[in-house]
$ cat entry15.cif   # mmCIF, C-alpha atoms
data_work
loop_
_atom_site.label_atom_id
_atom_site.label_comp_id
_atom_site.auth_asym_id
_atom_site.auth_seq_id
_atom_site.Cartn_x
_atom_site.Cartn_y
_atom_site.Cartn_z
CA MET A 23 148.09 -11.70 105.26
CA LEU A 24 147.39 -13.71 102.10
CA ALA A 25 144.05 -14.89 103.50
CA MET A 26 142.95 -11.38 104.48
CA ALA A 27 143.99 -9.93 101.13
CA THR A 28 142.14 -12.69 99.26
CA LEU A 29 139.03 -12.10 101.36
CA GLY A 30 139.16 -8.36 100.67
CA PHE A 31 139.56 -8.98 96.95
CA ALA A 32 136.56 -11.34 96.95
CA LEU A 33 134.28 -8.97 98.88
CA ASN A 34 135.11 -5.97 96.72
CA PHE A 35 134.61 -8.04 93.56
CA TRP A 36 131.28 -9.19 94.95
CA ALA A 37 130.23 -5.55 95.14
CA TRP A 38 131.80 -4.77 91.74
CA ALA A 39 129.65 -7.45 90.06
CA LEU A 40 126.27 -6.66 91.64
CA LEU A 41 124.75 -5.19 88.48
CA SER A 42 125.63 -8.04 86.11
CA PRO A 43 123.12 -10.67 87.32
CA LEU A 44 120.38 -8.02 87.32
CA GLY A 45 121.09 -6.93 83.74
CA PRO A 46 118.24 -8.98 82.18
CA ARG A 47 115.83 -7.73 84.88
CA PHE A 48 116.73 -4.10 84.23
CA LYS A 49 116.39 -4.67 80.48
CA ASP A 50 112.80 -5.83 80.95
CA THR A 51 111.70 -3.32 83.61
CA LEU A 52 113.40 -0.25 82.08
CA HIS A 53 112.91 -1.35 78.44
CA LEU A 54 116.61 -1.16 77.58
CA THR A 55 118.13 -2.02 74.20
CA SER A 56 120.79 -4.74 73.96
CA PHE A 57 123.49 -2.07 73.73
CA GLN A 58 122.15 -0.17 76.77
CA GLN A 59 122.11 -3.38 78.80
CA SER A 60 125.68 -4.14 77.74
CA LEU A 61 126.75 -0.59 78.66
CA LEU A 62 125.11 -0.90 82.07
CA VAL A 63 127.09 -3.99 83.07
CA ALA A 64 130.29 -2.76 81.40
CA VAL A 65 130.59 0.67 83.08
CA PRO A 66 131.78 -0.67 86.48
CA VAL A 67 134.31 -2.80 84.60
CA VAL A 68 135.96 0.07 82.74
CA VAL A 69 136.02 2.40 85.76
CA GLY A 70 137.39 -0.31 88.02
CA SER A 71 140.00 -1.09 85.39
CA LEU A 72 141.28 2.41 84.77
CA GLY A 73 141.17 3.14 88.51
CA ARG A 74 143.73 0.38 89.07
CA ILE A 75 146.47 2.53 87.57
CA PRO A 76 146.54 5.23 90.28
CA VAL A 77 145.49 2.77 93.02
CA GLY A 78 148.36 0.41 92.17
CA ALA A 79 150.86 3.28 92.29
CA LEU A 80 149.39 4.51 95.59
CA THR A 81 149.73 0.99 97.01
CA ASP A 82 153.44 1.01 96.14
CA ARG A 83 153.70 4.21 98.19
CA PHE A 84 151.33 3.67 101.13
CA GLY A 85 150.96 -0.12 101.27
CA GLY A 86 148.00 -2.48 101.33
CA ARG A 87 147.46 -1.95 105.05
CA VAL A 88 146.20 1.56 104.22
CA MET A 89 144.69 1.03 100.78
CA PHE A 90 142.54 -2.07 101.42
CA PRO A 91 140.41 -0.38 104.13
CA ILE A 92 140.09 2.81 102.03
CA VAL A 93 138.95 1.03 98.86
CA SER A 94 136.50 -1.14 100.81
CA ALA A 95 135.00 1.81 102.67
CA VAL A 96 134.61 3.96 99.56
CA THR A 97 132.88 1.11 97.68
CA ILE A 98 130.13 1.05 100.30
CA LEU A 99 128.78 4.42 99.08
CA PRO A 100 127.78 3.43 95.51
CA VAL A 101 126.48 0.07 96.78
CA LEU A 102 124.07 1.88 99.12
CA PHE A 103 123.12 4.39 96.43
CA LEU A 104 122.23 1.64 93.94
CA GLY A 105 120.29 -0.34 96.51
CA LEU A 106 118.31 2.51 98.03
CA ALA A 107 117.75 5.04 95.25
CA GLY A 108 119.69 4.36 92.05
CA HIS A 109 117.93 1.42 90.40
CA ASP A 110 114.85 3.09 88.88
CA SER A 111 116.40 4.66 85.77
CA LEU A 112 119.22 3.98 83.34
CA GLY A 113 120.90 7.30 84.21
CA ALA A 114 120.98 6.54 87.94
CA LEU A 115 122.25 3.02 87.30
CA LEU A 116 125.08 4.34 85.13
CA VAL A 117 126.09 6.89 87.78
CA GLY A 118 126.01 4.26 90.52
CA GLY A 119 127.81 1.77 88.29
CA PHE A 120 130.52 4.35 87.57
CA PHE A 121 131.41 4.71 91.25
CA LEU A 122 130.85 1.00 91.87
CA GLY A 123 133.95 0.57 89.72
CA VAL A 124 136.06 1.52 92.77
CA GLY A 125 135.53 -2.04 94.04
CA GLY A 126 137.37 -3.38 91.02
CA THR A 127 140.55 -1.51 91.99
CA ALA A 128 141.09 -3.84 94.98
CA PHE A 129 143.00 -6.12 92.63
CA ALA A 130 145.76 -3.52 92.23
CA VAL A 131 146.03 -3.27 96.02
CA GLY A 132 146.35 -6.98 96.65
CA VAL A 133 148.97 -8.02 94.09
CA PRO A 134 151.83 -5.78 95.34
CA PHE A 135 150.77 -6.45 98.95
CA VAL A 136 150.97 -10.23 98.50
CA ASN A 137 154.01 -10.05 96.23
CA ALA A 138 156.07 -8.38 98.98
CA TRP A 139 155.32 -11.16 101.48
CA PHE A 140 156.71 -14.04 99.35
CA PRO A 141 160.09 -14.93 97.78
CA PRO A 142 160.27 -14.94 93.94
CA GLU A 143 160.02 -18.72 93.60
CA ARG A 144 156.67 -18.78 95.44
CA ARG A 145 155.03 -15.63 94.08
CA GLY A 146 153.31 -17.30 91.15
CA PHE A 147 151.37 -19.61 93.43
CA ALA A 148 150.76 -16.94 96.10
CA ILE A 149 149.37 -14.42 93.63
CA GLY A 150 147.35 -17.23 92.06
CA VAL A 151 145.79 -17.97 95.46
CA PHE A 152 145.05 -14.26 95.87
CA GLY A 153 143.39 -14.41 92.45
CA ILE A 154 140.79 -16.78 93.89
CA GLY A 155 139.23 -13.57 95.17
CA MET A 156 137.86 -12.92 91.70
CA GLY A 157 135.32 -15.57 92.70
CA GLY A 158 133.51 -12.72 94.41
CA THR A 159 131.69 -12.35 91.12
CA ALA A 160 130.34 -15.87 91.65
CA ILE A 161 128.93 -14.85 95.04
CA SER A 162 127.04 -12.09 93.26
CA ALA A 163 125.84 -14.44 90.53
CA LEU A 164 124.57 -17.05 92.98
CA THR A 165 122.87 -14.72 95.47
CA THR A 166 121.79 -11.41 93.90
CA VAL A 167 118.80 -12.53 91.84
CA LYS A 168 117.61 -14.94 94.54
CA LEU A 169 117.78 -12.26 97.24
CA VAL A 170 115.85 -9.80 95.06
CA LYS A 171 113.12 -12.35 94.33
CA ALA A 172 112.86 -13.51 97.94
CA ASN A 173 112.99 -10.06 99.54
CA SER A 174 113.48 -6.79 97.65
CA MET A 175 115.82 -4.97 95.31
CA GLN A 176 117.53 -3.36 98.29
CA THR A 177 118.46 -6.64 100.03
CA PRO A 178 121.63 -7.76 98.17
CA PHE A 179 123.01 -4.21 98.20
CA LEU A 180 122.44 -3.72 101.93
CA ILE A 181 124.02 -7.09 102.76
CA THR A 182 127.06 -6.35 100.60
CA ALA A 183 127.49 -2.89 102.14
CA GLY A 184 127.37 -4.37 105.64
CA VAL A 185 129.96 -7.03 104.83
CA LEU A 186 132.28 -4.43 103.28
CA ALA A 187 131.98 -2.26 106.39
CA VAL A 188 133.01 -5.17 108.63
CA TYR A 189 135.96 -5.96 106.36
CA ALA A 190 137.11 -2.34 106.22
CA VAL A 191 137.40 -2.27 110.01
CA ALA A 192 138.95 -5.75 110.27
CA SER A 193 141.55 -5.07 107.58
CA TRP A 194 142.58 -1.83 109.30
CA LEU A 195 143.15 -3.78 112.51
CA VAL A 196 144.74 -6.96 111.08
CA LEU A 197 146.67 -6.19 107.90
CA ARG A 198 150.40 -5.44 108.06
CA ASP A 199 152.73 -4.65 105.18
CA ALA A 200 155.70 -6.96 104.64
CA PRO A 201 158.82 -5.94 106.59
CA GLY A 202 161.40 -4.27 104.41
CA ARG A 203 159.10 -3.80 101.40
CA PRO A 204 160.58 -1.29 98.94
CA VAL A 205 158.86 2.09 99.21
CA PRO A 206 159.32 4.42 96.22
CA THR A 207 160.08 8.07 96.91
CA GLU A 208 159.58 9.53 93.43
CA PRO A 209 156.41 11.52 92.61
CA LEU A 210 153.43 9.52 91.35
CA ALA A 211 153.59 10.91 87.80
CA ARG A 212 157.28 10.08 87.44
CA ARG A 213 156.76 6.54 88.70
CA LEU A 214 153.89 5.97 86.28
CA GLY A 215 156.01 7.31 83.44
CA ALA A 216 158.85 4.93 84.34
CA THR A 217 156.36 2.05 84.58
CA LEU A 218 155.08 2.71 81.07
CA LYS A 219 158.64 2.43 79.73
CA LEU A 220 159.04 -1.14 81.00
CA ALA A 221 158.62 -3.87 78.38
CA VAL A 222 156.94 -6.18 80.89
CA THR A 223 154.18 -3.61 81.45
CA TRP A 224 153.03 -3.81 77.84
CA GLU A 225 153.65 -7.52 77.36
CA ALA A 226 151.70 -8.50 80.48
CA SER A 227 148.99 -5.96 79.61
CA ALA A 228 148.43 -7.49 76.18
CA LEU A 229 148.19 -11.00 77.61
CA TYR A 230 145.99 -10.01 80.55
CA ALA A 231 143.61 -8.13 78.27
CA VAL A 232 142.88 -11.47 76.63
CA ALA A 233 143.07 -13.76 79.68
CA PHE A 234 141.39 -11.77 82.42
CA GLY A 235 139.47 -9.65 79.91
CA GLY A 236 137.87 -12.80 78.52
CA TYR A 237 136.96 -13.94 82.02
CA VAL A 238 135.44 -10.56 82.92
CA ALA A 239 133.52 -10.38 79.64
CA PHE A 240 131.93 -13.77 80.21
CA SER A 241 131.27 -13.10 83.89
CA VAL A 242 129.28 -9.95 83.11
CA TYR A 243 127.71 -10.96 79.80
CA LEU A 244 127.13 -14.72 80.07
CA PRO A 245 123.69 -14.37 81.76
CA THR A 246 122.53 -12.18 78.87
CA TYR A 247 124.12 -14.50 76.28
CA LEU A 248 122.46 -17.61 77.71
CA LYS A 249 119.07 -15.94 78.15
CA THR A 250 119.06 -14.43 74.66
CA GLY A 251 120.87 -17.14 72.72
CA TYR A 252 119.44 -20.22 74.46
CA GLY A 253 116.25 -18.98 76.09
CA LEU A 254 117.29 -19.86 79.66
CA GLU A 255 115.55 -18.40 82.68
CA GLN A 256 117.37 -15.59 84.50
CA THR A 257 118.19 -17.71 87.56
CA ASP A 258 119.40 -20.66 85.48
CA ALA A 259 121.60 -18.36 83.38
CA ALA A 260 123.08 -16.74 86.51
CA ASN A 261 123.83 -20.16 88.04
CA ARG A 262 125.62 -21.30 84.89
CA MET A 263 127.65 -18.10 84.87
CA ALA A 264 128.60 -18.82 88.48
CA GLY A 265 129.83 -22.27 87.46
CA PHE A 266 131.98 -20.69 84.74
CA VAL A 267 133.40 -18.19 87.24
CA LEU A 268 134.16 -20.78 89.92
CA LEU A 269 136.00 -23.00 87.46
CA ALA A 270 138.08 -20.08 86.20
CA VAL A 271 138.79 -18.99 89.77
CA ALA A 272 139.93 -22.48 90.78
CA MET A 273 142.33 -22.60 87.84
CA ARG A 274 144.03 -19.30 88.60
CA PRO A 275 146.28 -20.60 91.41
CA VAL A 276 146.88 -23.72 89.33
CA GLY A 277 148.15 -21.50 86.52
CA GLY A 278 150.46 -19.69 88.94
CA TRP A 279 151.67 -22.96 90.50
CA LEU A 280 152.40 -24.52 87.12
CA SER A 281 154.22 -21.37 86.05
CA ASP A 282 156.53 -21.66 89.06
CA ARG A 283 157.42 -25.18 87.92
CA ILE A 284 157.34 -25.37 84.13
CA GLY A 285 157.41 -21.69 83.19
CA SER A 286 154.73 -19.12 82.47
CA VAL A 287 155.31 -19.20 78.71
CA ARG A 288 154.29 -22.86 78.45
CA VAL A 289 151.22 -22.35 80.61
CA LEU A 290 150.16 -19.29 78.64
CA ALA A 291 150.67 -21.01 75.28
CA ALA A 292 148.62 -24.07 76.24
CA SER A 293 145.87 -21.95 77.77
CA LEU A 294 145.52 -19.61 74.82
CA ALA A 295 145.37 -22.56 72.42
CA LEU A 296 142.43 -23.93 74.44
CA VAL A 297 140.68 -20.55 74.30
CA VAL A 298 140.98 -20.56 70.52
CA ALA A 299 139.51 -24.05 70.31
CA GLY A 300 136.63 -23.30 72.70
CA ALA A 301 135.71 -20.03 70.97
CA VAL A 302 135.70 -21.65 67.52
CA VAL A 303 133.40 -24.44 68.69
CA GLN A 304 131.01 -22.06 70.47
CA SER A 305 130.84 -19.72 67.48
CA PHE A 306 128.65 -22.36 65.80
CA THR A 307 126.16 -22.10 68.73
CA PRO A 308 126.01 -25.83 69.47
CA ALA A 309 123.50 -27.37 71.86
CA LEU A 310 124.35 -26.57 75.47
CA ALA A 311 124.35 -30.25 76.43
CA PRO A 312 127.03 -31.37 76.09
CA VAL A 313 129.05 -29.47 73.45
CA GLY A 314 128.29 -25.87 74.45
CA THR A 315 128.88 -26.59 78.14
CA LEU A 316 132.20 -28.30 77.36
CA ALA A 317 133.27 -25.36 75.19
CA PHE A 318 132.55 -22.86 77.96
CA PHE A 319 134.18 -25.02 80.64
CA THR A 320 137.28 -25.36 78.45
CA MET A 321 137.48 -21.59 78.07
CA ALA A 322 136.93 -21.09 81.81
CA ILE A 323 139.82 -23.45 82.63
CA ALA A 324 142.08 -21.80 80.08
CA LEU A 325 141.26 -18.18 80.98
CA GLY A 326 141.76 -18.85 84.69
CA ALA A 327 145.12 -20.58 84.17
CA ALA A 328 146.28 -17.87 81.76
CA SER A 329 145.40 -15.15 84.27
CA GLY A 330 147.52 -16.85 86.93
CA ALA A 331 150.39 -17.38 84.50
CA THR A 332 150.36 -13.72 83.43
CA PHE A 333 150.99 -12.53 86.97
CA ALA A 334 153.63 -15.18 87.52
CA LEU A 335 155.31 -13.61 84.50
CA LEU A 336 154.90 -10.13 85.99
CA ALA A 337 156.36 -11.24 89.35
CA LEU A 338 159.37 -12.61 87.46
CA LEU A 339 160.09 -9.59 85.27
CA ALA A 340 158.82 -6.48 87.10
CA PRO A 341 161.15 -4.46 89.41
CA ALA A 342 160.23 -4.99 93.08
CA ASN A 343 159.52 -1.30 93.79
CA LYS A 344 157.21 -0.99 90.76
CA VAL A 345 155.08 -4.12 91.16
CA GLY A 346 152.06 -2.07 92.26
CA ALA A 347 152.36 0.42 89.42
CA VAL A 348 152.86 -2.34 86.83
CA THR A 349 149.95 -4.26 88.35
CA GLY A 350 147.76 -1.18 88.04
CA VAL A 351 148.44 -0.80 84.33
CA VAL A 352 148.17 -4.53 83.64
CA GLY A 353 145.00 -4.80 85.70
CA ALA A 354 143.53 -1.87 83.78
CA ALA A 355 144.30 -3.60 80.51
CA GLY A 356 142.62 -6.76 81.77
CA GLY A 357 139.52 -4.89 82.83
CA LEU A 358 139.35 -2.97 79.56
CA GLY A 359 139.69 -6.28 77.79
CA GLY A 360 136.48 -7.23 79.57
CA PHE A 361 134.74 -3.92 78.83
CA ILE A 362 134.85 -4.09 75.05
CA PRO A 363 133.50 -7.63 74.30
CA PRO A 364 130.06 -7.14 75.92
CA LEU A 365 129.55 -3.99 73.84
CA VAL A 366 130.69 -5.82 70.69
CA MET A 367 128.49 -8.83 71.47
CA GLY A 368 125.46 -6.65 72.16
CA SER A 369 125.99 -4.61 68.98
CA LEU A 370 126.55 -7.67 66.78
CA TYR A 371 123.51 -9.43 68.16
CA GLY A 372 121.41 -6.33 67.67
CA ALA A 373 122.51 -6.14 64.04
CA TYR A 374 122.64 -9.84 63.02
CA LYS A 375 120.68 -11.73 65.72
CA THR A 376 123.63 -14.05 66.33
CA TYR A 377 126.69 -14.12 68.59
CA ALA A 378 128.84 -16.10 66.15
CA GLY A 379 130.85 -13.09 64.99
CA GLY A 380 131.80 -12.07 68.53
CA LEU A 381 133.08 -15.54 69.41
CA ALA A 382 135.00 -15.75 66.13
CA LEU A 383 136.69 -12.46 67.05
CA LEU A 384 137.66 -13.96 70.43
CA ALA A 385 139.31 -16.88 68.62
CA VAL A 386 141.28 -14.49 66.40
CA VAL A 387 142.46 -12.33 69.32
CA ALA A 388 143.45 -15.37 71.41
CA GLY A 389 145.35 -16.74 68.42
CA ALA A 390 147.28 -13.48 68.08
CA ALA A 391 148.10 -13.58 71.81
CA LEU A 392 149.35 -17.15 71.42
CA LEU A 393 151.71 -16.10 68.63
CA PHE A 394 152.92 -13.14 70.72
CA THR A 395 153.61 -15.46 73.67
CA LEU A 396 155.66 -17.90 71.60
CA THR A 397 157.80 -15.13 70.08
CA LYS A 398 158.27 -11.85 71.96
CA VAL A 399 157.35 -13.02 75.48
CA ARG A 400 159.43 -16.18 75.24
CA SER A 401 162.43 -14.09 74.15
CA GLU A 402 162.02 -11.76 77.17
CA VAL A 403 161.76 -14.63 79.64
CA GLU A 404 164.79 -16.41 78.21
CA GLY A 405 166.76 -13.16 78.38
CA GLU A 406 165.81 -12.71 82.05
CA GLY A 407 166.87 -16.30 82.74
CA ARG A 408 170.30 -15.72 81.20
CA LYS A 409 170.70 -12.50 83.18
CA ARG A 410 169.91 -14.22 86.48
CA SER A 411 172.19 -17.15 85.70
CA GLY A 412 175.01 -14.73 84.97
CA ALA A 413 174.38 -12.83 88.21
CA GLN A 414 174.36 -16.03 90.24
CA GLY A 415 177.55 -17.21 88.54
CA GLY A 416 179.23 -13.89 89.34
CA SER A 417 178.15 -14.16 92.96
CA ARG A 418 179.61 -17.66 93.26
CA VAL A 419 182.92 -16.49 91.77
CA ALA A 420 183.06 -13.53 94.15
CA GLY A 421 182.27 -15.81 97.08
CA SER A 422 185.05 -18.23 96.09
CA ALA A 423 187.54 -15.38 95.77
CA ALA A 424 186.56 -14.08 99.17
#
$ encode --input "entry15.cif" --output "structure tokens"
Amino acid sequence: MLAMATLGFALNFWAWALLSPLGPRFKDTLHLTSFQQSLLVAVPVVVGSLGRIPVGALTDRFGGRVMFPIVSAVTILPVLFLGLAGHDSLGALLVGGFFLGVGGTAFAVGVPFVNAWFPPERRGFAIGVFGIGMGGTAISALTTVKLVKANSMQTPFLITAGVLAVYAVASWLVLRDAPGRPVPTEPLARRLGATLKLAVTWEASALYAVAFGGYVAFSVYLPTYLKTGYGLEQTDAANRMAGFVLLAVAMRPVGGWLSDRIGSVRVLAASLALVVAGAVVQSFTPALAPVGTLAFFTMAIALGAASGATFALLALLAPANKVGAVTGVVGAAGGLGGFIPPLVMGSLYGAYKTYAGGLALLAVVAGAALLFTLTKVRSEVEGEGRKRSGAQGGSRVAGSAA
């Protein structure tokens, strides 16, 4: 079940990220401004992020066995539209990109699905493994531009649509929800309202907006950054972005695994400190070899580990029957965290011809998240630990009396 969910996440993220590697190409052929190019690659991100809120709640109700095939099948439609008819104007690309955002909601299907299959002490690692699926963006980065150059604009879109169709059928036949998973009976609106009242919803959302948001921002904007800031060719820039993505993806299960063993607070604190350091260094626009590359690799490692640690924290603190709903809100926050930076970077570069200000802002935001982790989040985790210790102690006393 974990393997199938991870595969579905990767394939839907592959579709979700199809426009990003082509951003520089569309800028040249359609004569887009820096802001228009940023908007083009950011629209699927924001739609996919906000869509996670209802999709996560629906997954709590209907299960991943139903929702994975539906999300995969619906994503095929905008992929075909963009490949066959919607790539000749900015308006058509924005419409196609809007509906392409559906692919990004697969994340909110997979987390509650996987969470229900594993005991609490293994959920951090399991959800981290599922998070490897975000490497679907690397598939897009490595193949999209090459397929367009070798064949046609339609090729990567048609291939992706075909793969999604196969997965939609396979997931319908293979996936099964965990036996005994809690199924909420309250109306959707009431469940969402209750979810928004949970402290963990807002704490994990704030952290994920920085961790996963930073990853998403770089995965969609790094080709543009490297082409504009360093003069790299489109293919070279896309390959370097793929390297960033793969490193972040590899670190996500590591972050979850470490959280299971030493605690999510420690992993988050160390990761956010590394993000601050990497962003400060890169704000001076050093040479790519070796300083700039090391700065980006450091941030990739840290953002991937922090993303895994955030969901280990969520698995620890969220009620079992609200994991999907909480995941939806937290996933939305993470995606929105990735929507804003490309727009900021594009606007700042358009005004000042430098990306230094945007990277300095990343350092400030990551520093604030680090302080939040060491104060409020640590207090919540310690309180949950005391509560569980008390419950276990009470159970042992009751067992002795019996």
$ atom_distance --input "entry15.cif" --atom1 "atom CA of A:Pro76" --atom2 "atom CA of A:Leu24"
22.3 Å
$ residues_around --input "entry15.cif" --residues "A:Ala272" --least-positions-apart "3" --cutoff "8 Å" --atoms "all atoms listed in the file" --output "ChimeraX atom specification"
/A:154,268-269,275-276,326
$ resolve_selection --input "entry15.cif" --expression "the PyMOL selection byres ((chain A and resi 113-128) around 8)" --output "NGL selection string"
:A and (30-31 or 34-35 or 37-38 or 41 or 62-63 or 65-71 or 73-74 or 77 or 90 or 93-94 or 96-97 or 100-101 or 103-104 or 108-112 or 129-132)
$ atom_distance --input "entry15.cif" --atom1 "atom CA of A:Ile284" --atom2 "atom CA of A:Val238"
26.5 Å
$ closest_residue --input "entry15.cif" --among "A:Gly368, A:Pro245, A:Leu384, A:Val403" --to "A:Thr55" --atoms "all atoms listed in the file"
A:Gly368
$ atom_distance --input "entry15.cif" --atom1 "atom CA of A:Arg274" --atom2 "atom CA of A:Ala32"
13.7 Å
$ closest_residue --input "entry15.cif" --among "A:Thr257, A:Thr349, A:Ser227, A:Thr217" --to "A:Val399" --atoms "all atoms listed in the file"
A:Ser227
$ residues_around --input "entry15.cif" --residues "stretch 205-208 of chain A" --least-positions-apart "6" --cutoff "10 Å" --atoms "only C-alpha atoms" --output "list in words"
Ala79, Leu80, Thr81, Asp82, Arg83, Phe84, Gly85, Leu214, Ala342, Asn343 and Lys344 of chain A
$ write_last_selection --input "entry15.cif" --atoms "C-alpha atoms" --output "mmCIF file, in the coordinates of the input"
data_model
loop_
_atom_site.group_PDB
_atom_site.id
_atom_site.type_symbol
_atom_site.label_atom_id
_atom_site.label_comp_id
_atom_site.auth_asym_id
_atom_site.auth_seq_id
_atom_site.Cartn_x
_atom_site.Cartn_y
_atom_site.Cartn_z
ATOM 1 C CA ALA A 79 150.860 3.280 92.290
ATOM 2 C CA LEU A 80 149.390 4.510 95.590
ATOM 3 C CA THR A 81 149.730 0.990 97.010
ATOM 4 C CA ASP A 82 153.440 1.010 96.140
ATOM 5 C CA ARG A 83 153.700 4.210 98.190
ATOM 6 C CA PHE A 84 151.330 3.670 101.130
ATOM 7 C CA GLY A 85 150.960 -0.120 101.270
ATOM 8 C CA LEU A 214 153.890 5.970 86.280
ATOM 9 C CA ALA A 342 160.230 -4.990 93.080
ATOM 10 C CA ASN A 343 159.520 -1.300 93.790
ATOM 11 C CA LYS A 344 157.210 -0.990 90.760
#
$ closest_residue --input "entry15.cif" --among "A:Ala385, A:Leu44, A:Val136, A:Leu186" --to "A:Lys171" --atoms "only C-alpha atoms"
A:Leu44
$ closest_residue --input "entry15.cif" --among "A:Leu336, A:Ala295, A:Val232, A:Met263" --to "A:Leu220" --atoms "all atoms listed in the file"
A:Leu336
$ closest_residue --input "entry15.cif" --among "A:Ala25, A:Tyr243, A:Val313, A:Gly86" --to "A:Leu365" --atoms "only C-alpha atoms"
A:Tyr243
$ closest_residue --input "entry15.cif" --among "A:Leu229, A:Ala317, A:Leu280, A:Ala340" --to "A:Ala391" --atoms "all atoms listed in the file"
A:Leu229
$ resolve_selection --input "entry15.cif" --expression "the PyMOL selection byres ((chain A and resi 174-180) around 8)" --output "PyMOL selection string"
chain A and resi 37+40+101-102+104-106+165-166+169-173+181-184
$ residues_around --input "entry15.cif" --residues "A:Ala264" --least-positions-apart "3" --cutoff "6 Å" --atoms "only C-alpha atoms" --output "list in words"
Ala160, Ala163, Asn261 and Val267 of chain A
$ residues_around --input "entry15.cif" --residues "A:Ala324" --least-positions-apart "2" --cutoff "7 Å" --atoms "all atoms listed in the file" --output "CSV table (one decimal) with C-alpha atoms, in the frame of the given file"
chain,number,residue,atom,x,y,z
A,293,SER,CA,145.9,-22.0,77.8
A,294,LEU,CA,145.5,-19.6,74.8
A,296,LEU,CA,142.4,-23.9,74.4
A,297,VAL,CA,140.7,-20.6,74.3
A,320,THR,CA,137.3,-25.4,78.4
A,321,MET,CA,137.5,-21.6,78.1
A,322,ALA,CA,136.9,-21.1,81.8
A,326,GLY,CA,141.8,-18.8,84.7
A,327,ALA,CA,145.1,-20.6,84.2
A,328,ALA,CA,146.3,-17.9,81.8
$ residues_near_point --input "entry15.cif" --point "(164.1, -17.4, 76.0)" --cutoff "12 Å" --atoms "all atoms listed in the file" --output "ChimeraX atom specification"
/A:285-288,395-409
$ resolve_selection --input "entry15.cif" --expression "the PyMOL selection byres ((chain A and resi 355) around 8)" --output "PyMOL selection string"
chain A and resi 71-72+227-228+230-231+235+351-354+356-359
$ decode --input "entry15.cif" --residues "stretch 60-88 of chain A" --atoms "C-alpha atoms" --output "compact mmCIF listing (two decimals), in the first residue's frame"
# COMPACT_ATOMS: atom_id res chain seq x y z
CA SER A 60 6.43 33.57 -12.19
CA LEU A 61 2.62 33.64 -12.18
CA LEU A 62 2.49 30.92 -14.84
CA VAL A 63 4.53 28.43 -12.81
CA ALA A 64 2.91 29.45 -9.51
CA VAL A 65 -0.77 29.01 -10.45
CA PRO A 66 -0.75 25.17 -10.32
CA VAL A 67 0.98 25.43 -6.95
CA VAL A 68 -1.65 27.61 -5.30
CA VAL A 69 -4.60 25.66 -6.74
CA GLY A 70 -3.06 22.33 -5.78
CA SER A 71 -2.40 23.70 -2.32
CA LEU A 72 -5.85 25.08 -1.56
CA GLY A 73 -7.45 21.99 -3.12
CA ARG A 74 -5.77 19.84 -0.47
CA ILE A 75 -8.14 21.15 2.19
CA PRO A 76 -11.35 19.59 0.79
CA VAL A 77 -9.49 16.60 -0.69
CA GLY A 78 -7.90 15.77 2.68
CA ALA A 79 -11.29 15.92 4.40
CA LEU A 80 -12.85 13.78 1.66
CA THR A 81 -10.07 11.23 2.11
CA ASP A 82 -10.91 10.97 5.82
CA ARG A 83 -14.47 10.13 4.75
CA PHE A 84 -14.05 7.97 1.64
CA GLY A 85 -10.49 6.68 1.94
CA GLY A 86 -7.49 6.66 -0.37
CA ARG A 87 -8.78 3.65 -2.28
CA VAL A 88 -11.45 5.92 -3.78
